[in-house]
$ cat protein06.tsv   # TSV, C-alpha atoms
chain	number	residue	atom	x	y	z
Y	16	MET	CA	36.81	21.77	7.41
Y	17	ASN	CA	34.46	20.48	4.71
Y	18	ILE	CA	32.37	23.49	3.61
Y	19	CYS	CA	29.74	23.99	0.92
Y	20	VAL	CA	28.06	27.16	-0.33
Y	21	LEU	CA	24.27	27.26	-0.28
Y	22	ILE	CA	22.54	29.74	-2.60
Y	23	PRO	CA	18.76	30.14	-2.21
Y	24	THR	CA	17.29	31.43	-5.47
Y	25	TYR	CA	14.09	32.77	-6.96
Y	26	ASN	CA	14.26	34.05	-10.54
Y	27	GLU	CA	17.99	34.80	-10.45
Y	28	SER	CA	18.90	33.77	-14.02
Y	29	ARG	CA	20.79	37.03	-14.59
Y	30	ALA	CA	23.47	36.43	-11.95
Y	31	ILE	CA	23.39	32.78	-10.89
Y	32	GLY	CA	25.66	31.32	-13.57
Y	33	GLY	CA	28.51	33.71	-12.88
Y	34	LEU	CA	28.16	33.31	-9.14
Y	35	VAL	CA	28.27	29.50	-9.32
Y	36	ASN	CA	31.40	29.68	-11.47
Y	37	GLU	CA	33.10	32.09	-9.05
Y	38	VAL	CA	32.36	29.94	-6.00
Y	39	GLN	CA	33.53	26.77	-7.73
Y	40	ALA	CA	36.72	28.57	-8.76
Y	41	ALA	CA	37.30	29.11	-5.03
Y	42	GLY	CA	37.23	25.31	-4.62
Y	43	LEU	CA	33.85	25.02	-2.91
Y	44	LYS	CA	30.85	22.80	-3.62
Y	45	VAL	CA	27.76	24.80	-4.65
Y	46	VAL	CA	24.21	23.85	-3.69
Y	47	VAL	CA	21.41	25.94	-5.22
Y	48	ALA	CA	18.07	25.67	-3.39
Y	49	ASP	CA	15.61	27.06	-5.91
Y	50	ASP	CA	12.27	28.37	-4.71
Y	51	GLY	CA	10.05	27.67	-7.72
Y	52	SER	CA	11.74	30.03	-10.20
Y	53	GLN	CA	9.77	30.87	-13.34
Y	54	ASP	CA	12.85	31.75	-15.39
Y	55	ASP	CA	15.97	29.76	-16.37
Y	56	THR	CA	17.64	29.85	-12.95
Y	57	VAL	CA	17.55	26.07	-12.47
Y	58	LYS	CA	18.85	25.28	-15.96
Y	59	ILE	CA	21.67	27.83	-15.75
Y	60	ALA	CA	22.74	26.78	-12.25
Y	61	ALA	CA	22.82	23.11	-13.20
Y	62	ALA	CA	24.73	23.82	-16.41
Y	63	ALA	CA	27.31	25.74	-14.39
Y	64	GLY	CA	27.86	22.68	-12.19
Y	65	ALA	CA	25.78	23.38	-9.09
Y	66	GLU	CA	23.79	20.73	-7.26
Y	67	VAL	CA	20.23	22.02	-7.64
Y	68	LEU	CA	17.41	21.38	-5.18
Y	69	HIS	CA	14.29	22.54	-7.00
Y	70	SER	CA	10.90	23.27	-5.45
Y	71	SER	CA	7.92	23.13	-7.80
Y	72	ARG	CA	6.31	26.09	-6.06
Y	73	ASN	CA	7.38	29.23	-4.21
Y	74	MET	CA	7.72	28.42	-0.49
Y	75	GLY	CA	9.89	31.29	0.76
Y	76	LYS	CA	13.59	31.93	1.32
Y	77	GLY	CA	13.50	30.34	4.75
Y	78	ALA	CA	12.09	27.11	3.32
Y	79	SER	CA	14.92	27.06	0.77
Y	80	LEU	CA	17.51	27.60	3.51
Y	81	ILE	CA	16.10	24.78	5.61
Y	82	ARG	CA	16.02	22.42	2.63
Y	83	GLY	CA	19.60	23.33	1.77
Y	84	TYR	CA	20.85	22.97	5.33
Y	85	ASN	CA	19.27	19.52	5.63
Y	86	PHE	CA	20.86	18.47	2.34
Y	87	ALA	CA	24.30	19.69	3.46
Y	88	LEU	CA	24.02	17.80	6.76
Y	89	SER	CA	22.97	14.64	4.92
Y	90	ARG	CA	26.12	14.93	2.78
Y	91	GLY	CA	28.40	15.30	5.80
Y	92	PHE	CA	29.48	18.93	5.44
Y	93	ASP	CA	30.98	20.56	8.54
Y	94	ALA	CA	29.69	24.04	7.70
Y	95	VAL	CA	27.51	25.88	5.20
Y	96	ILE	CA	28.09	29.35	3.80
Y	97	THR	CA	24.92	31.01	2.51
Y	98	MET	CA	25.03	33.62	-0.25
Y	99	ASP	CA	22.23	35.47	-2.05
Y	100	GLY	CA	21.82	34.58	-5.72
Y	101	ASP	CA	21.42	38.14	-7.05
Y	102	GLY	CA	25.10	39.06	-7.09
Y	103	GLN	CA	25.05	41.28	-4.01
Y	104	HIS	CA	27.54	39.04	-2.18
Y	105	SER	CA	31.11	38.74	-3.41
Y	106	SER	CA	32.91	35.41	-3.68
Y	107	LEU	CA	36.06	37.34	-2.76
Y	108	ASP	CA	34.79	37.37	0.83
Y	109	LEU	CA	34.56	33.57	1.10
Y	110	PRO	CA	38.15	33.17	2.44
Y	111	THR	CA	37.30	35.65	5.22
Y	112	PHE	CA	34.48	33.42	6.45
Y	113	ILE	CA	36.55	30.25	6.18
Y	114	GLU	CA	39.53	31.72	8.05
Y	115	LYS	CA	37.25	33.03	10.79
Y	116	ALA	CA	35.49	29.68	11.10
Y	117	GLU	CA	38.75	27.79	11.41
Y	118	ASN	CA	40.00	30.09	14.16
Y	119	SER	CA	36.77	30.64	16.12
Y	120	LYS	CA	34.60	28.44	18.31
Y	121	SER	CA	31.52	30.36	17.22
Y	122	PRO	CA	29.16	28.20	15.12
Y	123	LEU	CA	27.57	31.21	13.42
Y	124	ILE	CA	29.46	33.95	11.59
Y	125	VAL	CA	27.49	36.77	9.97
Y	126	GLY	CA	28.62	39.19	7.28
Y	127	ASN	CA	28.64	42.87	8.17
Y	128	ARG	CA	27.96	45.33	5.34
Y	129	MET	CA	27.39	48.32	7.59
Y	130	GLY	CA	31.01	49.47	7.57
Y	131	SER	CA	30.62	50.42	3.91
Y	132	ILE	CA	27.07	51.40	2.98
Y	133	LYS	CA	27.85	53.40	-0.18
Y	134	GLY	CA	25.20	52.55	-2.75
Y	135	MET	CA	22.91	50.83	-0.27
Y	136	PRO	CA	19.35	52.21	-0.55
Y	137	ALA	CA	18.47	54.56	2.33
Y	138	LEU	CA	15.44	52.48	3.37
Y	139	ARG	CA	17.62	49.37	3.53
Y	140	VAL	CA	20.20	51.19	5.66
Y	141	ALA	CA	17.51	52.34	8.11
Y	142	THR	CA	15.83	48.93	8.28
Y	143	ASN	CA	19.13	47.12	8.81
Y	144	PHE	CA	20.18	49.56	11.52
Y	145	LEU	CA	16.92	49.37	13.49
Y	146	MET	CA	16.52	45.59	13.17
Y	147	SER	CA	20.14	45.01	14.10
Y	148	LYS	CA	19.78	47.10	17.24
Y	149	PHE	CA	16.57	45.29	18.20
Y	150	ILE	CA	17.85	41.77	17.56
Y	151	SER	CA	21.11	42.57	19.33
Y	152	LEU	CA	19.02	43.44	22.39
Y	153	LEU	CA	17.01	40.20	22.08
Y	154	THR	CA	20.12	38.07	21.78
Y	155	ALA	CA	22.19	40.06	24.29
Y	156	GLN	CA	24.97	40.12	21.71
Y	157	SER	CA	26.30	42.77	19.35
Y	158	ILE	CA	25.34	41.82	15.79
Y	159	PRO	CA	25.92	44.86	13.55
Y	160	ASP	CA	24.12	43.54	10.44
Y	161	THR	CA	21.43	41.03	11.40
Y	162	GLN	CA	19.79	41.30	7.97
Y	163	CYS	CA	22.82	40.08	6.03
Y	164	GLY	CA	22.24	36.70	4.38
Y	165	PHE	CA	25.96	36.13	3.77
Y	166	ARG	CA	26.77	33.78	6.65
Y	167	LEU	CA	28.58	30.67	7.78
Y	168	ALA	CA	26.81	28.15	10.01
Y	169	LYS	CA	28.60	25.14	11.45
Y	170	LYS	CA	27.16	21.66	11.83
Y	171	GLU	CA	27.03	21.93	15.62
Y	172	LEU	CA	24.42	24.69	15.25
Y	173	LEU	CA	22.50	23.25	12.31
Y	174	THR	CA	21.97	19.89	14.03
Y	175	ARG	CA	20.46	21.57	17.09
Y	176	ILE	CA	18.43	24.46	15.73
Y	177	ASP	CA	14.68	24.05	15.30
Y	178	LEU	CA	13.21	26.60	12.87
Y	179	SER	CA	9.51	27.45	12.61
Y	180	THR	CA	9.44	30.11	9.86
Y	181	SER	CA	9.76	29.90	6.08
Y	182	LYS	CA	10.11	33.42	4.65
Y	183	TYR	CA	12.71	36.18	5.05
Y	184	GLU	CA	12.24	36.23	8.83
Y	185	THR	CA	14.01	32.86	9.02
Y	186	GLU	CA	17.41	34.56	8.96
Y	187	SER	CA	16.48	36.56	12.06
Y	188	GLU	CA	15.02	33.46	13.71
Y	189	ILE	CA	18.34	31.67	13.23
Y	190	LEU	CA	20.12	34.39	15.22
Y	191	ILE	CA	17.60	34.25	18.05
Y	192	ARG	CA	17.58	30.45	18.25
Y	193	ALA	CA	21.37	30.31	18.20
Y	194	ALA	CA	21.61	32.80	21.06
Y	195	ARG	CA	19.04	30.87	23.11
Y	196	LEU	CA	21.15	27.75	22.68
Y	197	GLY	CA	24.01	29.66	24.29
Y	198	PHE	CA	26.10	30.11	21.15
Y	199	ALA	CA	28.22	33.18	20.51
Y	200	ILE	CA	27.55	34.92	17.19
Y	201	GLU	CA	30.47	36.62	15.46
Y	202	SER	CA	30.68	38.95	12.47
Y	203	VAL	CA	33.12	39.62	9.64
Y	204	PRO	CA	33.22	42.62	7.28
Y	205	VAL	CA	31.95	41.97	3.73
Y	206	ARG	CA	31.65	44.04	0.62
Y	207	THR	CA	28.49	45.93	-0.24
Y	208	ILE	CA	27.46	45.38	-3.86
Y	209	TYR	CA	24.49	47.24	-5.29
Y	210	SER	CA	24.11	47.65	-9.06
Y	211	GLY	CA	20.44	48.46	-9.48
Y	212	GLN	CA	19.01	45.10	-8.42
Y	213	LYS	CA	15.48	45.23	-7.09
Y	214	SER	CA	15.28	43.51	-3.74
Y	215	GLN	CA	12.57	40.90	-3.25
Y	216	ILE	CA	12.34	41.92	0.41
Y	217	ASN	CA	9.38	44.07	1.39
Y	218	PRO	CA	10.66	45.91	4.50
Y	219	PHE	CA	7.15	46.41	5.88
Y	220	VAL	CA	5.66	42.98	5.17
Y	221	ASP	CA	8.77	41.09	6.20
Y	222	THR	CA	9.27	43.17	9.34
Y	223	TRP	CA	5.68	42.36	10.28
Y	224	ARG	CA	6.37	38.66	9.68
Y	225	PHE	CA	9.32	38.90	12.06
Y	226	PHE	CA	7.28	40.49	14.83
Y	227	ARG	CA	4.49	37.95	14.26
Y	228	PHE	CA	7.08	35.22	14.75
Y	229	LEU	CA	8.20	36.86	18.00
Y	230	LEU	CA	4.61	36.99	19.28
Y	231	LYS	CA	3.91	33.36	18.40
Y	232	ASP	CA	7.21	32.31	19.92
Y	233	PHE	CA	6.53	34.28	23.11
Y	234	PHE	CA	3.10	32.72	23.66
Y	235	SER	CA	4.44	29.28	22.77
Y	236	ARG	CA	7.18	29.57	25.38
Y	237	SER	CA	4.76	31.02	27.94
Y	238	GLY	CA	2.43	28.07	27.42
Y	239	HIS	CA	5.26	25.67	28.24
Y	240	ALA	CA	6.52	27.64	31.24
$ encode --input "protein06.tsv" --output "structure tokens"
Amino acid sequence: MNICVLIPTYNESRAIGGLVNEVQAAGLKVVVADDGSQDDTVKIAAAAGAEVLHSSRNMGKGASLIRGYNFALSRGFDAVITMDGDGQHSSLDLPTFIEKAENSKSPLIVGNRMGSIKGMPALRVATNFLMSKFISLLTAQSIPDTQCGFRLAKKELLTRIDLSTSKYETESEILIRAARLGFAIESVPVRTIYSGQKSQINPFVDTWRFFRFLLKDFFSRSGHA
């Protein structure tokens, strides 16, 4: 299976170089989809050997994911593993995703941090728990950590999914779209790494964006019923 690692970034100069080196040491191609960083993220990622897709302005994490997925498909990759660029995802978990993908028919495998939440901020724990319960109900599948961006998506999903969002809600939209297409979504345990990084996610604003997406999607589907 030909797999690349996609890392969406925005001002991640502190961690991106080391992460690119670690992923390449695991034998995987690295694609960095940069979202208009104002620091040296692009220069450091390129110097480390990553293929860098740079946006001149900030479009949102979802826009970076879509750009990266399209690039990976154009290069003939069979699957894409996404990792955050801030060092919260460990390259040591990459073999877990690859082994699962090779032995599962599921086209979408999601990391699960909720088995080890030590160090995870309390607000993040609560948000992840509530959103995971809600999205599990929407998809009629058990997805213990729907907010985890550490994932593997196979080509068979990426060529069929049609995404309408561009911010942090895109990761939730992917789960919902995949379920509607009839795909099973599986999970694998991953490490939880928190070392004082400040998350760029606003739990209130981004939760509102998610529910706004659901409303727009509901009325769009009702109009075509």
$ closest_residue --input "protein06.tsv" --among "Y:Asp93, Y:Glu184, Y:Asp101, Y:Asp177" --to "Val35 of chain Y" --atoms "all atoms listed in the file"
Y:Asp101
$ residues_around --input "protein06.tsv" --residues "Met146 of chain Y" --least-positions-apart "5" --cutoff "9 Å" --atoms "only C-alpha atoms" --output "list of chain:residue names"
Y:Ala141, Y:Ser151, Y:Asp160, Y:Thr161, Y:Gln162, Y:Thr222
$ residues_around --input "protein06.tsv" --residues "segment 108-113 of chain Y" --least-positions-apart "5" --cutoff "12 Å" --atoms "all atoms listed in the file" --output "number ranges by chain"
Y: 16-20, 37-43, 93-98, 103, 118-119, 121-128, 165-169, 201-208
$ write_last_selection --input "protein06.tsv" --atoms "C-alpha atoms" --output "CSV table (one decimal), in the frame of the given file"
chain,number,residue,atom,x,y,z
Y,16,MET,CA,36.8,21.8,7.4
Y,17,ASN,CA,34.5,20.5,4.7
Y,18,ILE,CA,32.4,23.5,3.6
Y,19,CYS,CA,29.7,24.0,0.9
Y,20,VAL,CA,28.1,27.2,-0.3
Y,37,GLU,CA,33.1,32.1,-9.0
Y,38,VAL,CA,32.4,29.9,-6.0
Y,39,GLN,CA,33.5,26.8,-7.7
Y,40,ALA,CA,36.7,28.6,-8.8
Y,41,ALA,CA,37.3,29.1,-5.0
Y,42,GLY,CA,37.2,25.3,-4.6
Y,43,LEU,CA,33.8,25.0,-2.9
Y,93,ASP,CA,31.0,20.6,8.5
Y,94,ALA,CA,29.7,24.0,7.7
Y,95,VAL,CA,27.5,25.9,5.2
Y,96,ILE,CA,28.1,29.4,3.8
Y,97,THR,CA,24.9,31.0,2.5
Y,98,MET,CA,25.0,33.6,-0.2
Y,103,GLN,CA,25.0,41.3,-4.0
Y,118,ASN,CA,40.0,30.1,14.2
Y,119,SER,CA,36.8,30.6,16.1
Y,121,SER,CA,31.5,30.4,17.2
Y,122,PRO,CA,29.2,28.2,15.1
Y,123,LEU,CA,27.6,31.2,13.4
Y,124,ILE,CA,29.5,34.0,11.6
Y,125,VAL,CA,27.5,36.8,10.0
Y,126,GLY,CA,28.6,39.2,7.3
Y,127,ASN,CA,28.6,42.9,8.2
Y,128,ARG,CA,28.0,45.3,5.3
Y,165,PHE,CA,26.0,36.1,3.8
Y,166,ARG,CA,26.8,33.8,6.6
Y,167,LEU,CA,28.6,30.7,7.8
Y,168,ALA,CA,26.8,28.2,10.0
Y,169,LYS,CA,28.6,25.1,11.4
Y,201,GLU,CA,30.5,36.6,15.5
Y,202,SER,CA,30.7,39.0,12.5
Y,203,VAL,CA,33.1,39.6,9.6
Y,204,PRO,CA,33.2,42.6,7.3
Y,205,VAL,CA,32.0,42.0,3.7
Y,206,ARG,CA,31.6,44.0,0.6
Y,207,THR,CA,28.5,45.9,-0.2
Y,208,ILE,CA,27.5,45.4,-3.9
$ closest_residue --input "protein06.tsv" --among "Y:Ile191, Y:Leu172, Y:Leu138, Y:Leu107" --to "Leu152 of chain Y" --atoms "only C-alpha atoms"
Y:Ile191
$ atom_distance --input "protein06.tsv" --atom1 "atom CA of Glu114 of chain Y" --atom2 "atom CA of Thr174 of chain Y"
22.0 Å
$ atom_distance --input "protein06.tsv" --atom1 "atom CA of Thr180 of chain Y" --atom2 "atom CA of Gly130 of chain Y"
29.1 Å
$ closest_residue --input "protein06.tsv" --among "Y:Met135, Y:Ala60, Y:Ala48, Y:Ile158" --to "Asn36 of chain Y" --atoms "all atoms listed in the file"
Y:Ala60
$ atom_distance --input "protein06.tsv" --atom1 "atom CA of Asp55 of chain Y" --atom2 "atom CA of Gly134 of chain Y"
28.1 Å
$ residues_near_point --input "protein06.tsv" --point "(27.7, 29.5, -10.8)" --cutoff "12 Å" --atoms "all atoms listed in the file" --output "ChimeraX atom specification"
/Y:20-22,24,27-41,43-47,56-67,98-102,106
$ closest_residue --input "protein06.tsv" --among "Y:Asn85, Y:Ser52, Y:Ser157, Y:Ser131" --to "Tyr209 of chain Y" --atoms "all atoms listed in the file"
Y:Ser131
$ residues_near_point --input "protein06.tsv" --point "(14.6, 29.2, 3.7)" --cutoff "10 Å" --atoms "only C-alpha atoms" --output "PyMOL selection string"
chain Y and resi 23-24+48-50+74-84+178+180-186
$ closest_residue --input "protein06.tsv" --among "Y:Lys170, Y:Met129, Y:Leu230, Y:Asn26" --to "Ala116 of chain Y" --atoms "all atoms listed in the file"
Y:Lys170
